[in-house]
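Enquirer: Mind having a look at this structure? Questions to follow.
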Amino acid sequence: MSKNRTYYIHWIGGVLLIFFVNLIGSFFYTGIDLTSDKRYTITDASMKYVKELKKPLELTVYITGEVPAGFKKLANAAENISNNYHRMSNGNFSIRFEKPGDGLSDSAKAYLFDSLQQLGVHPTNVKSQATDRTQTEETLVFPGAVLTGETGQIGIDFLEGQSSLDGLDALNNATSQLEYKITRAIKILERSKIPVVGYLAGNGEVLDLQVFDLIENVLKKEYGFGLIQVDSVPFIPQQFDILLINKPTHPFTEKQKLMIDQYIMHGGNVIWALDNLYASMDSLQKSNGSFLAYDMALNLDDQLFTYGVRINRDLVQDLESDQVPSIVGNIGSKPQIQLLPWPYAPLVSDFMSHPISRNLDKVLTSFPQSIDTISTTGISKTILLSSSIYSRKITTPALVEWKPVKTENDLQSFQVQHIPIAVLLEGNFPSLYKNRMSSEEQSSFERSTGEKFLSNSLLNQMIVVSDGDIFLNPVSDEDGPLAMGSNKYTRIQYGNKEFFKNILFYLSDGKELLSSRSKHFQLRLLSKDLLKEQAAFWKIFNLIAPVLLLLIYMLIFRQIRIRKYSMLSI
């Protein structure tokens, strides 16, 4: 056989081998994730939901075109996850990229932008350097997507729950949370039963514009919602998967407490957002610069103690706090107002890495109190939110002033670390009324309610937050209700809404899926100081090194040829 024929056979055989390997590879997908943080590995919980998809879903991502590199990385991560989901779901999941408003008239573009914001995908202005490097340009970016299926559509804000102050970290955290957010949207669209949240009313709970964002933009969009007038029903129906007790201001009667207790005993989940002390910015603004915080006397101490927590009668201050306008002086007769840190508005976060609050932006609080956990058999306690390492407690009677931090000694007193503000309780809860009600009283309760009296609960969970304002939204005179967890002066939005969404998802039907929120991608950045010091060296190195490597290769290749052909000549 001639050499030419052998050559062509080998060449054709190699092409056919590559073709068949690619053909087989199109039916089977596998890969090895060599990254230390497993950024390309889909969690088992997500796989479970995606593999069970029976109807087609399409993810429309609105990050495309000329956008900064950080957003392109976010879009690439969404594409990578979606391609994996496409294979896992046998083609029932697809992705496409669309530039918002591209090719539309001004009126149609405005309508599209408004529709995206109604779905929860909000635009952000991104500043970038122009190509001529002489000025900066502003680009309107919609960092999110819309998932569409036969049952409807749901918006996904990739940056929700992330800080607007540190763009690099925010984008990195957003990238690590993409799998969870996309899979969460899949689960919400594919639900066979929609969880129902009951909002308890009758004890002075907030029912005005301060809960607009909570009710209209969270509960009604993703859950069933109902108002429970506690004194108008014989018991709290178990059709409510979650009961929200949001900033009550009037004491609870024993009858009301019994209703809540038996709701818990039958497996109901409760979110307690409580203030033990009456303290608010309104009180401070109406006073002469100070007021005395007093006990709300809600009559819930014994009930919470039985379940494993105690909300103390103190106020938590923190040097890591939000800002409020304060008068710093006068010029003539005009007061000079400046935004200053307000220690009674701590920015709290998670220090125990629980899926509910991990990789979340700071959560804004207002006059929170500290929480103690009580040793209770069969109940586990997890701190979800706590203060920073520079905090302190002000015990009652607590005098609230506009300028509580006055001297260096005051600053040095902020040495208490990680004061608990929000706690997750899980397990079998004992009833507050166990061994406190006679058999006749229990029988009377069962006849009047049609519910069996239980002394111990089924396996369930509850969350206790020692701040009644944490799930409220501020109201602006110009713009009306703002987003939950916003500062109405700076318009900075903190992670309160994402925290509330995660709580609802965890307590309803998303506990298993929330494990994917534990992903954390490590930023590996070059040292700016070393880069500045060694810039000249690395420029010269990058210029000379390729030439030197080429010369070395040529010398080695030349020596090999000299040796080879000198031996042949012998």
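Order determines the names: the first chain of the structure tokens is A, the second B, and so forth; residues in each chain are numbered 1 upward, and ligands are numbered 1 upward as they are shown.
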Could you list, as a PyMOL selection string, every residue within 7 Å of Ile371 of chain A, counting only C-alpha atoms and ignoring same-chain residues fewer than 3 positions away?

Expert: chain A and resi 309-312+420-421+466

Enquirer: Can you tell me, as a ChimeraX atom specification, which residues in segment 271-490 of chain A count as strand (DSSP E or B) by DSSP?

Expert: /A:271-273,277-278,290-295,309-311,314-318,321-331,334-349,363-364,371-373,379-386,391-395,398-401,416,420-427,430,456,460-465,475-476,480-481,486

Enquirer: Taking the chain letters and numbering used in this document, name the residues of segment 99-226 of chain A that DSSP puts in helix (DSSP H, G or I), as a VMD selection string.

Expert: chain A and resid 106 to 118 167 to 176 178 to 189 209 to 222

Enquirer: When distances are computed from only C-alpha atoms, which of A:His250, A:Leu116, A:Asp477, A:Met47 shows the smallest separation from Met88 of chain A?

Expert: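 Smallest separation from Met88 of chain A among the options: A:Met47.
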
Enquirer: Tell me, in Å to one decimal, how far atom CA of Lys221 of chain A is from atom CA of Lys501 of chain A.

Expert: 11.2 Å

Enquirer: Choose the residue, out of A:Asp102, A:Asp318, A:Glu179, A:Asp169, that has the smallest atom-to-atom separation from Tyr49 of chain A; count only C-alpha atoms.

Expert: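 Answer, going by the shortest atom-to-atom distance: A:Glu179.
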
Enquirer: So that each row is one residue of segment 269-384 of chain A with an atom at most 7 Å from segment 484-495 of chain A, can you give its shortest atom pair and the distance in Å to one decimal, using only C-alpha atoms, rows by chain and rising number, as a Markdown table?

Expert:
| residue | atom | partner | partner_atom | distance |
| --- | --- | --- | --- | --- |
| A:Leu360 | CA | A:Gly495 | CA | 6.3 |
| A:Asp361 | CA | A:Gly495 | CA | 4.9 |
| A:Lys362 | CA | A:Gly495 | CA | 5.7 |
| A:Val363 | CA | A:Gly495 | CA | 4.9 |
| A:Leu364 | CA | A:Gly485 | CA | 5.8 |

Enquirer: Using only C-alpha atoms for the distances, tell me which of A:Leu504, A:Gln317, A:Ile95, A:Gln417 is nearest to Gly198 of chain A.

Expert: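 The closest residue to Gly198 of chain A is A:Leu504.
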
Enquirer: Pull the closest atom pair for each residue of segment 448-531 of chain A that gets at most 8 Å from segment 262-282 of chain A, along with the distance in Å to one decimal, counting only C-alpha atoms, ordering rows by chain and then ascending residue number, as a tab-separated table.

Expert:
residue	atom	partner	partner_atom	distance
A:Phe453	CA	A:Gln262	CA	6.9
A:Leu454	CA	A:Met265	CA	6.0
A:Ser455	CA	A:Met265	CA	7.2
A:Asn456	CA	A:Met265	CA	5.8
A:Ser457	CA	A:Met265	CA	3.7
A:Leu458	CA	A:Gly267	CA	5.1
A:Leu459	CA	A:Gly267	CA	6.6
A:Asn460	CA	A:Gly267	CA	5.6
A:Gln461	CA	A:Asn269	CA	5.6
A:Met462	CA	A:Val270	CA	4.8
A:Ile463	CA	A:Ile271	CA	4.9
A:Val464	CA	A:Trp272	CA	4.7
A:Val465	CA	A:Ala273	CA	4.8
A:Ser466	CA	A:Leu274	CA	5.3
A:Asp467	CA	A:Asp275	CA	5.3
A:Gly468	CA	A:Leu274	CA	4.5
A:Asp469	CA	A:Ala273	CA	7.7
A:Ile470	CA	A:Ala273	CA	7.5
A:Phe471	CA	A:Ala273	CA	8.0
A:Leu507	CA	A:Asn269	CA	6.6

Enquirer: Store the residues picked out above, limited to N, CA, C and O atoms, as a PDB file, in the first residue's frame.

Expert:
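Written file, part.pdb:
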ATOM      1  N   PHE A 453     -57.732  19.128  70.618  1.00  0.00           N
ATOM      2  CA  PHE A 453     -56.703  19.794  71.411  1.00  0.00           C
ATOM      3  C   PHE A 453     -55.450  18.922  71.433  1.00  0.00           C
ATOM      4  O   PHE A 453     -55.507  17.727  71.765  1.00  0.00           O
ATOM      5  N   LEU A 454     -54.300  19.511  71.071  1.00  0.00           N
ATOM      6  CA  LEU A 454     -53.031  18.784  71.060  1.00  0.00           C
ATOM      7  C   LEU A 454     -52.071  19.402  72.062  1.00  0.00           C
ATOM      8  O   LEU A 454     -51.987  20.625  72.184  1.00  0.00           O
ATOM      9  N   SER A 455     -51.331  18.529  72.759  1.00  0.00           N
ATOM     10  CA  SER A 455     -50.363  19.010  73.755  1.00  0.00           C
ATOM     11  C   SER A 455     -48.976  19.198  73.173  1.00  0.00           C
ATOM     12  O   SER A 455     -48.143  19.885  73.765  1.00  0.00           O
ATOM     13  N   ASN A 456     -48.702  18.551  72.030  1.00  0.00           N
ATOM     14  CA  ASN A 456     -47.411  18.690  71.360  1.00  0.00           C
ATOM     15  C   ASN A 456     -47.658  18.822  69.860  1.00  0.00           C
ATOM     16  O   ASN A 456     -48.612  18.249  69.320  1.00  0.00           O
ATOM     17  N   SER A 457     -46.789  19.556  69.227  1.00  0.00           N
ATOM     18  CA  SER A 457     -46.998  19.844  67.809  1.00  0.00           C
ATOM     19  C   SER A 457     -46.452  18.737  66.927  1.00  0.00           C
ATOM     20  O   SER A 457     -45.627  17.921  67.351  1.00  0.00           O
ATOM     21  N   LEU A 458     -46.936  18.751  65.696  1.00  0.00           N
ATOM     22  CA  LEU A 458     -46.282  17.988  64.651  1.00  0.00           C
ATOM     23  C   LEU A 458     -44.956  18.676  64.335  1.00  0.00           C
ATOM     24  O   LEU A 458     -44.684  19.784  64.796  1.00  0.00           O
ATOM     25  N   LEU A 459     -44.114  18.014  63.554  1.00  0.00           N
ATOM     26  CA  LEU A 459     -42.828  18.610  63.189  1.00  0.00           C
ATOM     27  C   LEU A 459     -43.058  19.846  62.325  1.00  0.00           C
ATOM     28  O   LEU A 459     -43.601  19.750  61.230  1.00  0.00           O
ATOM     29  N   ASN A 460     -42.679  20.991  62.817  1.00  0.00           N
ATOM     30  CA  ASN A 460     -42.837  22.222  62.043  1.00  0.00           C
ATOM     31  C   ASN A 460     -41.805  23.239  62.463  1.00  0.00           C
ATOM     32  O   ASN A 460     -40.847  22.914  63.179  1.00  0.00           O
ATOM     33  N   GLN A 461     -41.972  24.480  62.010  1.00  0.00           N
ATOM     34  CA  GLN A 461     -40.981  25.518  62.284  1.00  0.00           C
ATOM     35  C   GLN A 461     -41.643  26.885  62.400  1.00  0.00           C
ATOM     36  O   GLN A 461     -42.758  27.082  61.925  1.00  0.00           O
ATOM     37  N   MET A 462     -40.945  27.781  63.040  1.00  0.00           N
ATOM     38  CA  MET A 462     -41.400  29.175  63.143  1.00  0.00           C
ATOM     39  C   MET A 462     -40.180  30.077  63.155  1.00  0.00           C
ATOM     40  O   MET A 462     -39.057  29.635  63.431  1.00  0.00           O
ATOM     41  N   ILE A 463     -40.405  31.346  62.851  1.00  0.00           N
ATOM     42  CA  ILE A 463     -39.330  32.339  62.852  1.00  0.00           C
ATOM     43  C   ILE A 463     -39.758  33.512  63.709  1.00  0.00           C
ATOM     44  O   ILE A 463     -40.873  34.024  63.564  1.00  0.00           O
ATOM     45  N   VAL A 464     -38.883  33.902  64.613  1.00  0.00           N
ATOM     46  CA  VAL A 464     -39.149  35.019  65.526  1.00  0.00           C
ATOM     47  C   VAL A 464     -38.167  36.141  65.212  1.00  0.00           C
ATOM     48  O   VAL A 464     -36.952  35.935  65.215  1.00  0.00           O
ATOM     49  N   VAL A 465     -38.707  37.342  64.927  1.00  0.00           N
ATOM     50  CA  VAL A 465     -37.889  38.523  64.642  1.00  0.00           C
ATOM     51  C   VAL A 465     -38.240  39.597  65.658  1.00  0.00           C
ATOM     52  O   VAL A 465     -39.416  39.914  65.861  1.00  0.00           O
ATOM     53  N   SER A 466     -37.221  40.159  66.297  1.00  0.00           N
ATOM     54  CA  SER A 466     -37.463  41.141  67.364  1.00  0.00           C
ATOM     55  C   SER A 466     -37.497  42.561  66.816  1.00  0.00           C
ATOM     56  O   SER A 466     -36.906  43.483  67.383  1.00  0.00           O
ATOM     57  N   ASP A 467     -38.176  42.737  65.687  1.00  0.00           N
ATOM     58  CA  ASP A 467     -38.356  44.057  65.093  1.00  0.00           C
ATOM     59  C   ASP A 467     -39.647  44.038  64.289  1.00  0.00           C
ATOM     60  O   ASP A 467     -39.771  43.299  63.304  1.00  0.00           O
ATOM     61  N   GLY A 468     -40.598  44.861  64.682  1.00  0.00           N
ATOM     62  CA  GLY A 468     -41.872  44.894  63.988  1.00  0.00           C
ATOM     63  C   GLY A 468     -41.848  45.669  62.688  1.00  0.00           C
ATOM     64  O   GLY A 468     -42.813  45.638  61.926  1.00  0.00           O
ATOM     65  N   ASP A 469     -40.741  46.385  62.412  1.00  0.00           N
ATOM     66  CA  ASP A 469     -40.665  47.195  61.193  1.00  0.00           C
ATOM     67  C   ASP A 469     -39.913  46.516  60.059  1.00  0.00           C
ATOM     68  O   ASP A 469     -39.839  47.061  58.963  1.00  0.00           O
ATOM     69  N   ILE A 470     -39.367  45.347  60.292  1.00  0.00           N
ATOM     70  CA  ILE A 470     -38.440  44.736  59.339  1.00  0.00           C
ATOM     71  C   ILE A 470     -39.107  44.397  58.008  1.00  0.00           C
ATOM     72  O   ILE A 470     -38.468  44.403  56.958  1.00  0.00           O
ATOM     73  N   PHE A 471     -40.431  44.103  58.020  1.00  0.00           N
ATOM     74  CA  PHE A 471     -41.138  43.748  56.787  1.00  0.00           C
ATOM     75  C   PHE A 471     -42.039  44.879  56.284  1.00  0.00           C
ATOM     76  O   PHE A 471     -42.874  44.664  55.408  1.00  0.00           O
ATOM     77  N   LEU A 507     -40.574  28.117  54.740  1.00  0.00           N
ATOM     78  CA  LEU A 507     -41.660  27.624  55.584  1.00  0.00           C
ATOM     79  C   LEU A 507     -42.778  26.957  54.783  1.00  0.00           C
ATOM     80  O   LEU A 507     -43.610  26.259  55.366  1.00  0.00           O
TER      81      LEU A 507
END

Enquirer: Could you state the separation of atom CA of Asp208 of chain A and atom CA of Leu482 of chain A in Å, given to one decimal place?

Expert: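 Result for atom CA of Asp208 of chain A versus atom CA of Leu482 of chain A: 13.1 Å, one decimal.
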
Enquirer: Write out as a PyMOL selection string each polymer residue whose atoms come within 9 Å of segment 59-63 of chain A, counting only C-alpha atoms; drop sequence neighbours fewer than 4 positions from it.

Expert: chain A and resi 67+71-72+74-75+78-79+82+93-100+141-148+182

Enquirer: As an exercise, work out the distance from atom CA of Ser380 of chain A to atom CA of Glu512 of chain A in Å and give it to one decimal place.

Expert: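 So the two atoms, atom CA of Ser380 of chain A and atom CA of Glu512 of chain A, lie 17.5 Å apart.
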
Enquirer: Excluding Asp350 of chain A and any residue of its chain fewer than 5 positions from it, enumerate the residues within 12 Å of it, using only C-alpha atoms, and give them as a list in words.

Expert: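 Surrounding residues, per the criterion: Pro355, Ile356, Ser357, Arg358, Asn359, Leu360, Asp361, Lys362, Val363, Thr382, Ile383, Leu384, Leu385, Ser386, Ser387, Ser388, His418, Ile419, Pro420, Ile421, Ala422, Val423, Gly495 and Phe499 of chain A.
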
Enquirer: Just N, CA and C atoms for this one: save the residues we selected as a PDB file, in the first residue's frame.

Expert:
ATOM      1  N   PRO A 355     -29.152  28.846  54.817  1.00  0.00           N
ATOM      2  CA  PRO A 355     -29.609  29.128  53.458  1.00  0.00           C
ATOM      3  C   PRO A 355     -30.597  30.277  53.348  1.00  0.00           C
ATOM      4  N   ILE A 356     -31.386  30.556  54.378  1.00  0.00           N
ATOM      5  CA  ILE A 356     -32.360  31.649  54.311  1.00  0.00           C
ATOM      6  C   ILE A 356     -31.668  32.999  54.151  1.00  0.00           C
ATOM      7  N   SER A 357     -30.556  33.190  54.852  1.00  0.00           N
ATOM      8  CA  SER A 357     -29.956  34.517  54.903  1.00  0.00           C
ATOM      9  C   SER A 357     -28.518  34.576  54.412  1.00  0.00           C
ATOM     10  N   ARG A 358     -27.972  33.453  53.951  1.00  0.00           N
ATOM     11  CA  ARG A 358     -26.600  33.487  53.452  1.00  0.00           C
ATOM     12  C   ARG A 358     -26.542  34.224  52.112  1.00  0.00           C
ATOM     13  N   ASN A 359     -25.394  34.882  51.855  1.00  0.00           N
ATOM     14  CA  ASN A 359     -25.171  35.628  50.612  1.00  0.00           C
ATOM     15  C   ASN A 359     -26.249  36.681  50.377  1.00  0.00           C
ATOM     16  N   LEU A 360     -26.739  37.248  51.456  1.00  0.00           N
ATOM     17  CA  LEU A 360     -27.777  38.261  51.384  1.00  0.00           C
ATOM     18  C   LEU A 360     -27.186  39.605  51.774  1.00  0.00           C
ATOM     19  N   ASP A 361     -27.701  40.667  51.185  1.00  0.00           N
ATOM     20  CA  ASP A 361     -27.283  42.003  51.577  1.00  0.00           C
ATOM     21  C   ASP A 361     -27.707  42.267  53.021  1.00  0.00           C
ATOM     22  N   LYS A 362     -27.171  43.319  53.603  1.00  0.00           N
ATOM     23  CA  LYS A 362     -27.569  43.708  54.955  1.00  0.00           C
ATOM     24  C   LYS A 362     -29.074  43.938  55.008  1.00  0.00           C
ATOM     25  N   VAL A 363     -29.658  43.603  56.145  1.00  0.00           N
ATOM     26  CA  VAL A 363     -31.093  43.781  56.360  1.00  0.00           C
ATOM     27  C   VAL A 363     -31.294  44.956  57.304  1.00  0.00           C
ATOM     28  N   THR A 382     -31.636  28.369  65.324  1.00  0.00           N
ATOM     29  CA  THR A 382     -30.619  28.876  64.407  1.00  0.00           C
ATOM     30  C   THR A 382     -30.760  30.381  64.299  1.00  0.00           C
ATOM     31  N   ILE A 383     -29.669  31.094  64.561  1.00  0.00           N
ATOM     32  CA  ILE A 383     -29.683  32.552  64.444  1.00  0.00           C
ATOM     33  C   ILE A 383     -29.600  32.914  62.960  1.00  0.00           C
ATOM     34  N   LEU A 384     -30.600  33.617  62.477  1.00  0.00           N
ATOM     35  CA  LEU A 384     -30.632  34.025  61.075  1.00  0.00           C
ATOM     36  C   LEU A 384     -30.023  35.403  60.856  1.00  0.00           C
ATOM     37  N   LEU A 385     -30.273  36.314  61.783  1.00  0.00           N
ATOM     38  CA  LEU A 385     -29.758  37.674  61.668  1.00  0.00           C
ATOM     39  C   LEU A 385     -29.228  38.117  63.018  1.00  0.00           C
ATOM     40  N   SER A 386     -28.113  38.814  62.997  1.00  0.00           N
ATOM     41  CA  SER A 386     -27.574  39.370  64.241  1.00  0.00           C
ATOM     42  C   SER A 386     -26.794  40.639  63.922  1.00  0.00           C
ATOM     43  N   SER A 387     -26.501  41.393  64.960  1.00  0.00           N
ATOM     44  CA  SER A 387     -25.800  42.663  64.787  1.00  0.00           C
ATOM     45  C   SER A 387     -24.332  42.417  64.446  1.00  0.00           C
ATOM     46  N   SER A 388     -23.605  43.488  64.211  1.00  0.00           N
ATOM     47  CA  SER A 388     -22.184  43.385  63.882  1.00  0.00           C
ATOM     48  C   SER A 388     -21.368  43.179  65.161  1.00  0.00           C
ATOM     49  N   HIS A 418     -22.513  40.311  67.671  1.00  0.00           N
ATOM     50  CA  HIS A 418     -23.511  39.396  67.119  1.00  0.00           C
ATOM     51  C   HIS A 418     -24.714  39.177  68.057  1.00  0.00           C
ATOM     52  N   ILE A 419     -25.419  40.260  68.350  1.00  0.00           N
ATOM     53  CA  ILE A 419     -26.641  40.166  69.147  1.00  0.00           C
ATOM     54  C   ILE A 419     -27.757  39.614  68.267  1.00  0.00           C
ATOM     55  N   PRO A 420     -28.403  38.512  68.654  1.00  0.00           N
ATOM     56  CA  PRO A 420     -29.439  37.903  67.795  1.00  0.00           C
ATOM     57  C   PRO A 420     -30.648  38.826  67.613  1.00  0.00           C
ATOM     58  N   ILE A 421     -31.110  38.899  66.351  1.00  0.00           N
ATOM     59  CA  ILE A 421     -32.278  39.697  65.999  1.00  0.00           C
ATOM     60  C   ILE A 421     -33.385  38.823  65.404  1.00  0.00           C
ATOM     61  N   ALA A 422     -33.002  37.753  64.708  1.00  0.00           N
ATOM     62  CA  ALA A 422     -33.975  36.839  64.094  1.00  0.00           C
ATOM     63  C   ALA A 422     -33.523  35.407  64.328  1.00  0.00           C
ATOM     64  N   VAL A 423     -34.479  34.551  64.742  1.00  0.00           N
ATOM     65  CA  VAL A 423     -34.160  33.168  65.103  1.00  0.00           C
ATOM     66  C   VAL A 423     -35.134  32.217  64.410  1.00  0.00           C
ATOM     67  N   GLY A 495     -31.674  44.228  51.968  1.00  0.00           N
ATOM     68  CA  GLY A 495     -32.101  42.871  51.632  1.00  0.00           C
ATOM     69  C   GLY A 495     -33.348  42.375  52.326  1.00  0.00           C
ATOM     70  N   PHE A 499     -35.014  38.584  52.074  1.00  0.00           N
ATOM     71  CA  PHE A 499     -35.055  37.825  53.328  1.00  0.00           C
ATOM     72  C   PHE A 499     -36.467  37.314  53.592  1.00  0.00           C
TER      73      PHE A 499
END

Enquirer: Would you pick out the contacts of Leu214 of chain A at 9 Å or less, using only C-alpha atoms, so that residues sharing its chain but fewer than 4 positions from it are not included, and give the list as JSON, numbers by chain?

Expert: {"A": [210, 218, 219, 220, 471, 472, 473, 483, 484, 497, 500]}

Enquirer: What does the file look like for those residues with N, CA, C and O atoms, as a PDB file, in the first residue's frame?

Expert:
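Full text of again_28.pdb as output:
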ATOM      1  N   GLN A 210     -47.909  50.881  54.693  1.00  0.00           N
ATOM      2  CA  GLN A 210     -46.602  50.351  55.068  1.00  0.00           C
ATOM      3  C   GLN A 210     -46.456  48.857  54.756  1.00  0.00           C
ATOM      4  O   GLN A 210     -45.342  48.328  54.807  1.00  0.00           O
ATOM      5  N   VAL A 218     -45.327  40.770  47.007  1.00  0.00           N
ATOM      6  CA  VAL A 218     -44.760  39.480  47.430  1.00  0.00           C
ATOM      7  C   VAL A 218     -45.857  38.442  47.598  1.00  0.00           C
ATOM      8  O   VAL A 218     -45.911  37.452  46.860  1.00  0.00           O
ATOM      9  N   LEU A 219     -46.755  38.679  48.559  1.00  0.00           N
ATOM     10  CA  LEU A 219     -47.742  37.649  48.893  1.00  0.00           C
ATOM     11  C   LEU A 219     -48.701  37.375  47.739  1.00  0.00           C
ATOM     12  O   LEU A 219     -48.906  36.225  47.340  1.00  0.00           O
ATOM     13  N   LYS A 220     -49.303  38.410  47.167  1.00  0.00           N
ATOM     14  CA  LYS A 220     -50.317  38.199  46.136  1.00  0.00           C
ATOM     15  C   LYS A 220     -49.729  37.719  44.814  1.00  0.00           C
ATOM     16  O   LYS A 220     -50.448  37.144  43.997  1.00  0.00           O
ATOM     17  N   PHE A 471     -40.431  44.103  58.020  1.00  0.00           N
ATOM     18  CA  PHE A 471     -41.138  43.748  56.787  1.00  0.00           C
ATOM     19  C   PHE A 471     -42.039  44.879  56.284  1.00  0.00           C
ATOM     20  O   PHE A 471     -42.874  44.664  55.408  1.00  0.00           O
ATOM     21  N   LEU A 472     -41.866  46.081  56.836  1.00  0.00           N
ATOM     22  CA  LEU A 472     -42.654  47.227  56.402  1.00  0.00           C
ATOM     23  C   LEU A 472     -41.897  48.019  55.347  1.00  0.00           C
ATOM     24  O   LEU A 472     -40.677  47.908  55.227  1.00  0.00           O
ATOM     25  N   ASN A 473     -42.631  48.798  54.577  1.00  0.00           N
ATOM     26  CA  ASN A 473     -41.997  49.664  53.579  1.00  0.00           C
ATOM     27  C   ASN A 473     -42.243  51.115  53.943  1.00  0.00           C
ATOM     28  O   ASN A 473     -43.307  51.467  54.461  1.00  0.00           O
ATOM     29  N   ALA A 483     -40.076  50.377  48.203  1.00  0.00           N
ATOM     30  CA  ALA A 483     -39.792  48.950  48.398  1.00  0.00           C
ATOM     31  C   ALA A 483     -39.490  48.662  49.863  1.00  0.00           C
ATOM     32  O   ALA A 483     -39.001  49.525  50.608  1.00  0.00           O
ATOM     33  N   MET A 484     -39.815  47.451  50.281  1.00  0.00           N
ATOM     34  CA  MET A 484     -39.527  47.005  51.637  1.00  0.00           C
ATOM     35  C   MET A 484     -38.024  47.128  51.917  1.00  0.00           C
ATOM     36  O   MET A 484     -37.197  46.771  51.083  1.00  0.00           O
ATOM     37  N   LYS A 497     -36.613  42.450  51.526  1.00  0.00           N
ATOM     38  CA  LYS A 497     -37.596  41.730  50.716  1.00  0.00           C
ATOM     39  C   LYS A 497     -37.110  40.328  50.376  1.00  0.00           C
ATOM     40  O   LYS A 497     -37.870  39.358  50.457  1.00  0.00           O
ATOM     41  N   PHE A 500     -37.468  38.164  53.394  1.00  0.00           N
ATOM     42  CA  PHE A 500     -38.859  37.763  53.612  1.00  0.00           C
ATOM     43  C   PHE A 500     -39.276  36.681  52.617  1.00  0.00           C
ATOM     44  O   PHE A 500     -39.940  35.707  52.978  1.00  0.00           O
TER      45      PHE A 500
END

Enquirer: Please determine, counting only C-alpha atoms, which residue among A:Glu222, A:Glu441, A:Asp372, A:Asp231 has the shortest atom-to-atom distance to Arg313 of chain A.

Expert: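 Distance minimum relative to Arg313 of chain A lands on A:Asp372.
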
Enquirer: Nearest to Gly427 of chain A among A:Thr377, A:Leu119, A:Glu401, A:Ser439, with distances taken over only C-alpha atoms: which residue is it?

Expert: A:Thr377

Enquirer: From the set A:Asn92, A:Ser326, A:Ser516, A:Thr64, which residue has the shortest atom-to-atom contact distance to Tyr180 of chain A, counting only C-alpha atoms?

Expert: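 Smallest separation from Tyr180 of chain A among the options: A:Ser516.
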